[in-house]
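Structure first, commentary second.
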Number of protein chains: 2
Amino acid sequence: MVTIADVARHAGVAPSTVSYVLTGKRSISSQTRSKVRDSIRLLGYHPHAGARALATNRSNVLALVLPLRPGVYLPVLMRFVTAVVTTARWHDMDVLLVTADQGAQGLRRIAGSAQVDGFLVLDVELDDDRVPLLRHLTQPSVLIGRPAAAKGLTCVDLDFEAAGARCVDHLADLGHRYIGFLGAPSVVYQRNTGYAQRAMAGFSSAAMRRGIASTALPAEDDYESVLTSVRGLLRTQPAMTALVVHNEAALGWVAGGLRALGRRVPEDVAVVAICPDELAEQMQLTSVQLPAEQLARQATELLIARLNGLSTAPLTLLPPKLSSRASTSPRPPRG
Amino acid sequence: MVTIADVARHAGVAPSTVSYVLTGKRSISSQTRSKVRDSIRLLGYHPHAGARALATNRSNVLALVLPLRPGVYLPVLMRFVTAVVTTARWHDMDVLLVTADQGAQGLRRIAGSAQVDGFLVLDVELDDDRVPLLRHLTQPSVLIGRPAAAKGLTCVDLDFEAAGARCVDHLADLGHRYIGFLGAPSVVYQRNTGYAQRAMAGFSSAAMRRGIASTALPAEDDYESVLTSVRGLLRTQPAMTALVVHNEAALGWVAGGLRALGRRVPEDVAVVAICPDELAEQMQLTSVQLPAEQLARQATELLIARLNGLSTAPLTLLPPKLSSRASTSPRPPRG
DNA sequence: TAGTGTTCTCGAAACGCTTCAACACTCGGA
DNA sequence: TCCGAGTGTTGAAGCGTTTCGAGAACACTA
């Protein structure tokens, strides 16, 4: 292995000088600098990461804590991961992959050994047991998602409330006056996540604000259940001309279910989904997307800002972006 | 940060003793050992990764080089990643995520800075520019896939040749005598990969061995092209009663194409695919699967074995496993 | 009793880097 | 002429481990 001493000897300077050339923390004459740079290139020198970490108390590595359990929507996750790595590299950092199944235990180990400078935690649940730990680590962390007790943490998330509202606004602007909401399976509203509640809250209050009649029902992950829920919505509100769907698994059956009940999309019922863009694109649904890249970039930048001693807003909510597609005709089907 | 010196002081021993308790490289009396262990637990001590890396010349981190470009089949990739992390953790190692787009450059940087002990490289192409580099690094590497010049490297792969043969054998055992092969897009055979050629070679020679008439054609990624290829196969070999498909993108159109040509699956034409198990399961196709977990585990174990100074076989080929499903009826449709 | 092992523990020297305090120069003033 | 203020460079200390050589304590054999 070629060390800083080798470079120094080769360039005829002291090791500390080489270090200063590398870090730029002191002014070095341009002659010396280029002499050192030449030697570095010639010898193929790379600073030893461990030694550097030991001396600086910085590893230049971020931990990315990923949920790799079945059920996560992989295309979005992948775009997320790519964006994190890219952003990190942009700041000369690397990414350590931590699977969520290693739990709080794993985070403690990695933090304790100073392997990473900070944590990026995906898919945080409302009462996540990692949250209290993260709050007390020496390393800062940024969460994607919003735990119940977010105090003292930095969180980034899509503004699901605004997303729900955005759907209503879009439909209202098109003239719809009776809108239904097809939500996630009911268990989702009872536990863990929270984004589901927020989207629905946003939906409801926007409907109120716009003076629009709304009904909401959860839907399970199978065709029968989707059909039942849609039928339920129509029974409650026979004049319903639009539907907001916040349930990826149900998406595929919504159009079919509506057709089975004699309604066409978009002629009789317009549909807006809150879902990853790939899915919406594929089914030609107007949708509010999940901005994976943007979330990832934002979160990574925030984490790095905190590493540099800057203080950051405790909560960053990304504004929803709605893409109009074939499932909402430009005009309302009936008055 | 709590250091080994703190632990030593707390336990009333020398730092070196604590180290020996931790690594087990010298015998320590059981009293001292438990005294030290208590102090470690009490103080919440974790060895500083950087310091350890500096002293031992081992980082206990593996680099996992992933292709995160569009086009890779994510479910398989994910299972792969999970298995690598799990296996690595089993050996007390962590995983650094490296994206393939960082290229040879990135590998050199990471290797040079001694950030990792070894490389696990996915999706290696026939004339991959990283291969010559990997061969000369101080750190060992294991490749998933087989480059043209594999000399001096450790590779792990599914035995695609055997996979092709296995498909033939299965169909032959069911009584089929005229079998077609629907391959990847033709460009795939011209460049890069190699697994495509191997699968087809295995198919052809197995057919020869079993005295079976075979025809092969590539297929592009759209319905029209699949239809054309299938029609071509049937024209060449009107008595064809079985089809081996090695083309994930085409899979979805094969049954439809056959039906459009008046053949039902499996009554008129039996179909065997070489593809990820999820896809086969979903479409109820008899298939030879891509054993992601097994490949990952094997590759990781091999890499770790090499880290421990063991020498390993240059090439490990996993035997194909065929799962019988609805697309091959138990008996041949016609003589 | 002296000699020979064992078993356990310790001190000190690495490992390769950063950074602080200090030194040697040069350059303008006074 | 000397002083003070930069500049540019250096030596050495320190970061937290591991590991080597050696010592202490003890038991066993000759």
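Letters A, B, ... go to the chains of the structure tokens in the order shown; residues in each chain start at 1; ligands are counted from 1 in the same order.
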
Worksheet item: Quick one: which residues from chain A are at most 8 Å off chain B, using only C-alpha atoms, as a count of residues only?
Response: 28

Can you build me a table of chain B residues sitting at most 8 Å from chain C, with the closest atom pair per residue and its distance in Å to one decimal, using only C-alpha atoms (C1' of nucleotides), sorted by chain and residue number, as JSON lines?
```
{"residue": "B:Ala14", "atom": "CA", "partner": "C:DC10", "partner_atom": "C1'", "distance": 6.3}
{"residue": "B:Ser16", "atom": "CA", "partner": "C:DC10", "partner_atom": "C1'", "distance": 7.5}
{"residue": "B:Thr17", "atom": "CA", "partner": "C:DT9", "partner_atom": "C1'", "distance": 6.9}
{"residue": "B:Ser27", "atom": "CA", "partner": "C:DC8", "partner_atom": "C1'", "distance": 7.2}
{"residue": "B:Ile28", "atom": "CA", "partner": "C:DC8", "partner_atom": "C1'", "distance": 6.1}
{"residue": "B:Ser29", "atom": "CA", "partner": "C:DC8", "partner_atom": "C1'", "distance": 6.6}
{"residue": "B:Leu54", "atom": "CA", "partner": "C:DC15", "partner_atom": "C1'", "distance": 5.1}
{"residue": "B:Ala55", "atom": "CA", "partner": "C:DC15", "partner_atom": "C1'", "distance": 4.8}
{"residue": "B:Thr56", "atom": "CA", "partner": "C:DC15", "partner_atom": "C1'", "distance": 7.7}
```

Discussion item. Report as a VMD selection string all protein, DNA and RNA residues lying within 12 Å of Arg26 in chain A, evaluated on only C-alpha atoms (C1' of nucleotides), omitting residues in the same chain fewer than 5 positions from it.
Written reply: (chain A and resid 16 to 21 33) or (chain C and resid 19) or (chain D and resid 7 to 9)

Counting only C-alpha atoms (C1' of nucleotides), which residues in chain D sit no more than 9 Å from chain B? For each one, give the nearest pair of atoms and the distance in Å, sorted by chain then residue number, as a Markdown table.
```
| residue | atom | partner | partner_atom | distance |
| --- | --- | --- | --- | --- |
| D:DC15 | C1' | B:Ala51 | CA | 7.9 |
| D:DG16 | C1' | B:Ala51 | CA | 5.0 |
| D:DT17 | C1' | B:Arg52 | CA | 4.8 |
| D:DT18 | C1' | B:Ala55 | CA | 5.5 |
| D:DT19 | C1' | B:Ser16 | CA | 8.6 |
```

Based on the selection just made, write N, CA and C atoms (P, O5', C5', C4', C3', O3' and C1' of nucleotides) of those residues as a compact mmCIF listing (two decimals), in the first residue's frame.
```
# COMPACT_ATOMS: atom_id res chain seq x y z
P DC D 15 -5.90 11.33 21.66
O5' DC D 15 -6.88 10.71 20.58
C5' DC D 15 -7.54 11.52 19.62
C4' DC D 15 -7.91 10.66 18.46
C3' DC D 15 -8.20 9.22 18.86
O3' DC D 15 -9.60 9.07 19.09
C1' DC D 15 -6.84 9.35 16.87
P DG D 16 -10.08 8.38 20.44
O5' DG D 16 -10.00 6.83 20.07
C5' DG D 16 -10.79 6.37 19.00
C4' DG D 16 -10.39 4.94 18.70
C3' DG D 16 -10.45 4.00 19.89
O3' DG D 16 -11.09 2.82 19.47
C1' DG D 16 -8.34 3.89 18.89
P DT D 17 -11.47 1.64 20.44
O5' DT D 17 -11.03 0.39 19.60
C5' DT D 17 -9.72 -0.13 19.74
C4' DT D 17 -9.26 -0.67 18.44
C3' DT D 17 -8.60 -2.01 18.60
O3' DT D 17 -9.41 -3.00 17.98
C1' DT D 17 -7.08 -0.42 17.66
P DT D 18 -9.06 -4.51 18.38
O5' DT D 18 -7.61 -4.75 17.76
C5' DT D 18 -7.47 -4.93 16.37
C4' DT D 18 -6.01 -5.18 16.05
C3' DT D 18 -5.48 -6.54 16.49
O3' DT D 18 -4.71 -7.05 15.42
C1' DT D 18 -4.13 -4.84 17.39
P DT D 19 -4.36 -8.60 15.35
O5' DT D 19 -2.85 -8.62 15.84
C5' DT D 19 -1.92 -7.71 15.26
C4' DT D 19 -0.60 -7.79 15.99
C3' DT D 19 -0.29 -9.16 16.59
O3' DT D 19 1.10 -9.38 16.45
C1' DT D 19 -0.19 -7.54 18.27
```

Discussion item. I'd like to know which of B:Asp157, B:His246, B:Gly180, B:Pro238 is closest to Ala199 in chain B, using only C-alpha atoms.
Written reply: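 So, comparing all the options, the nearest one is B:His246.
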
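Reported to one decimal place, the separation of CA of Leu120 in chain B from CA of Ser141 in chain B is 5.7 Å.
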
Practice prompt. Figure out the distance between CA of Ile179 in chain A and CA of Arg259 in chain A, please, to one decimal in Å.
Written response: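 Interatomic distance here is 17.2 Å.
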
Item to complete: Write out as a PyMOL selection string all residues of range 189-286 of chain B that DSSP puts in strand (DSSP E) for this structure's backbone.
Response: chain B and resi 213-218+242-245+270-274+286

C-alpha atoms of the current selection, written as a PDB file, in the first residue's frame:
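part-v2.pdb written:
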```pdb
ATOM      1  CA  ALA B 213     -35.699 -31.811 -33.909  1.00  0.00           C
ATOM      2  CA  SER B 214     -35.131 -28.247 -32.788  1.00  0.00           C
ATOM      3  CA  THR B 215     -35.370 -24.791 -34.259  1.00  0.00           C
ATOM      4  CA  ALA B 216     -34.371 -21.521 -32.657  1.00  0.00           C
ATOM      5  CA  LEU B 217     -35.225 -17.890 -33.328  1.00  0.00           C
ATOM      6  CA  PRO B 218     -34.606 -14.653 -31.477  1.00  0.00           C
ATOM      7  CA  ALA B 242     -43.228 -27.512 -27.388  1.00  0.00           C
ATOM      8  CA  LEU B 243     -41.482 -24.194 -26.941  1.00  0.00           C
ATOM      9  CA  VAL B 244     -38.598 -23.110 -24.741  1.00  0.00           C
ATOM     10  CA  VAL B 245     -38.640 -19.372 -24.070  1.00  0.00           C
ATOM     11  CA  ALA B 270     -46.218 -26.902 -24.183  1.00  0.00           C
ATOM     12  CA  VAL B 271     -44.133 -23.980 -22.928  1.00  0.00           C
ATOM     13  CA  VAL B 272     -41.071 -23.964 -20.684  1.00  0.00           C
ATOM     14  CA  ALA B 273     -39.469 -20.691 -19.704  1.00  0.00           C
ATOM     15  CA  ILE B 274     -36.073 -19.767 -18.333  1.00  0.00           C
ATOM     16  CA  THR B 286     -43.193 -24.461 -16.199  1.00  0.00           C
TER      17      THR B 286
END
```

Item to complete: Output as a ChimeraX atom specification all residues of range 115-267 of chain A that backbone DSSP marks as alpha helix (DSSP H).
Response: /A:130-136,160-173,186-190,195-209,223-236,248-260

Worksheet item: Could you pull the residues within 12 Å of Gly152 in chain B, counting only C-alpha atoms (C1' of nucleotides), minus those fewer than 5 positions along the same chain, as JSON, numbers by chain?
Response: {"B": [131, 132, 133, 134, 135, 136, 137, 140, 141, 142, 143, 147, 311, 312, 313, 314, 315]}

Can you spit out the residues from that selection as a compact mmCIF listing (two decimals), in the first residue's frame, using N, CA and C atoms?
```txt
# COMPACT_ATOMS: atom_id res chain seq x y z
N VAL B 131 -13.20 -5.83 -15.52
CA VAL B 131 -12.57 -7.13 -15.28
C VAL B 131 -11.05 -7.05 -15.16
N PRO B 132 -10.36 -6.42 -16.11
CA PRO B 132 -8.90 -6.34 -15.95
C PRO B 132 -8.51 -5.64 -14.65
N LEU B 133 -9.26 -4.62 -14.28
CA LEU B 133 -8.97 -3.92 -13.03
C LEU B 133 -9.12 -4.86 -11.84
N LEU B 134 -10.27 -5.52 -11.78
CA LEU B 134 -10.56 -6.41 -10.65
C LEU B 134 -9.46 -7.44 -10.47
N ARG B 135 -8.93 -7.88 -11.59
CA ARG B 135 -7.90 -8.93 -11.52
C ARG B 135 -6.66 -8.44 -10.79
N HIS B 136 -6.39 -7.12 -10.87
CA HIS B 136 -5.15 -6.63 -10.30
C HIS B 136 -5.30 -5.91 -8.97
N LEU B 137 -6.50 -5.89 -8.45
CA LEU B 137 -6.68 -5.24 -7.15
C LEU B 137 -6.09 -6.10 -6.03
N PRO B 140 -9.78 -9.26 -3.13
CA PRO B 140 -10.37 -10.28 -4.00
C PRO B 140 -11.77 -9.87 -4.44
N SER B 141 -12.24 -10.50 -5.49
CA SER B 141 -13.60 -10.21 -5.94
C SER B 141 -14.27 -11.48 -6.42
N VAL B 142 -15.57 -11.45 -6.39
CA VAL B 142 -16.35 -12.54 -6.96
C VAL B 142 -17.35 -11.94 -7.93
N LEU B 143 -17.40 -12.48 -9.11
CA LEU B 143 -18.30 -11.95 -10.13
C LEU B 143 -19.53 -12.84 -10.27
N PRO B 147 -17.42 -13.29 -17.47
CA PRO B 147 -16.78 -12.51 -18.52
C PRO B 147 -16.03 -13.44 -19.46
N SER B 311 -8.37 -20.80 -1.03
CA SER B 311 -8.47 -20.61 -2.48
C SER B 311 -9.74 -21.30 -2.95
N THR B 312 -10.36 -20.70 -3.93
CA THR B 312 -11.67 -21.20 -4.34
C THR B 312 -11.65 -21.58 -5.80
N ALA B 313 -12.61 -22.39 -6.19
CA ALA B 313 -12.74 -22.79 -7.59
C ALA B 313 -12.98 -21.53 -8.42
N PRO B 314 -12.36 -21.44 -9.59
CA PRO B 314 -12.53 -20.24 -10.40
C PRO B 314 -13.96 -20.08 -10.92
N LEU B 315 -14.67 -21.18 -11.03
CA LEU B 315 -16.03 -21.07 -11.57
C LEU B 315 -16.98 -21.98 -10.82
```

Discussion item. Env of Ala219 in chain B: 9 Å cut, atoms = only C-alpha atoms (C1' of nucleotides), seq-sep filter 3 positions within chain, self excluded. Answer as a VMD selection string.
Written reply: chain B and resid 182 to 186 222 225 to 230 247 250
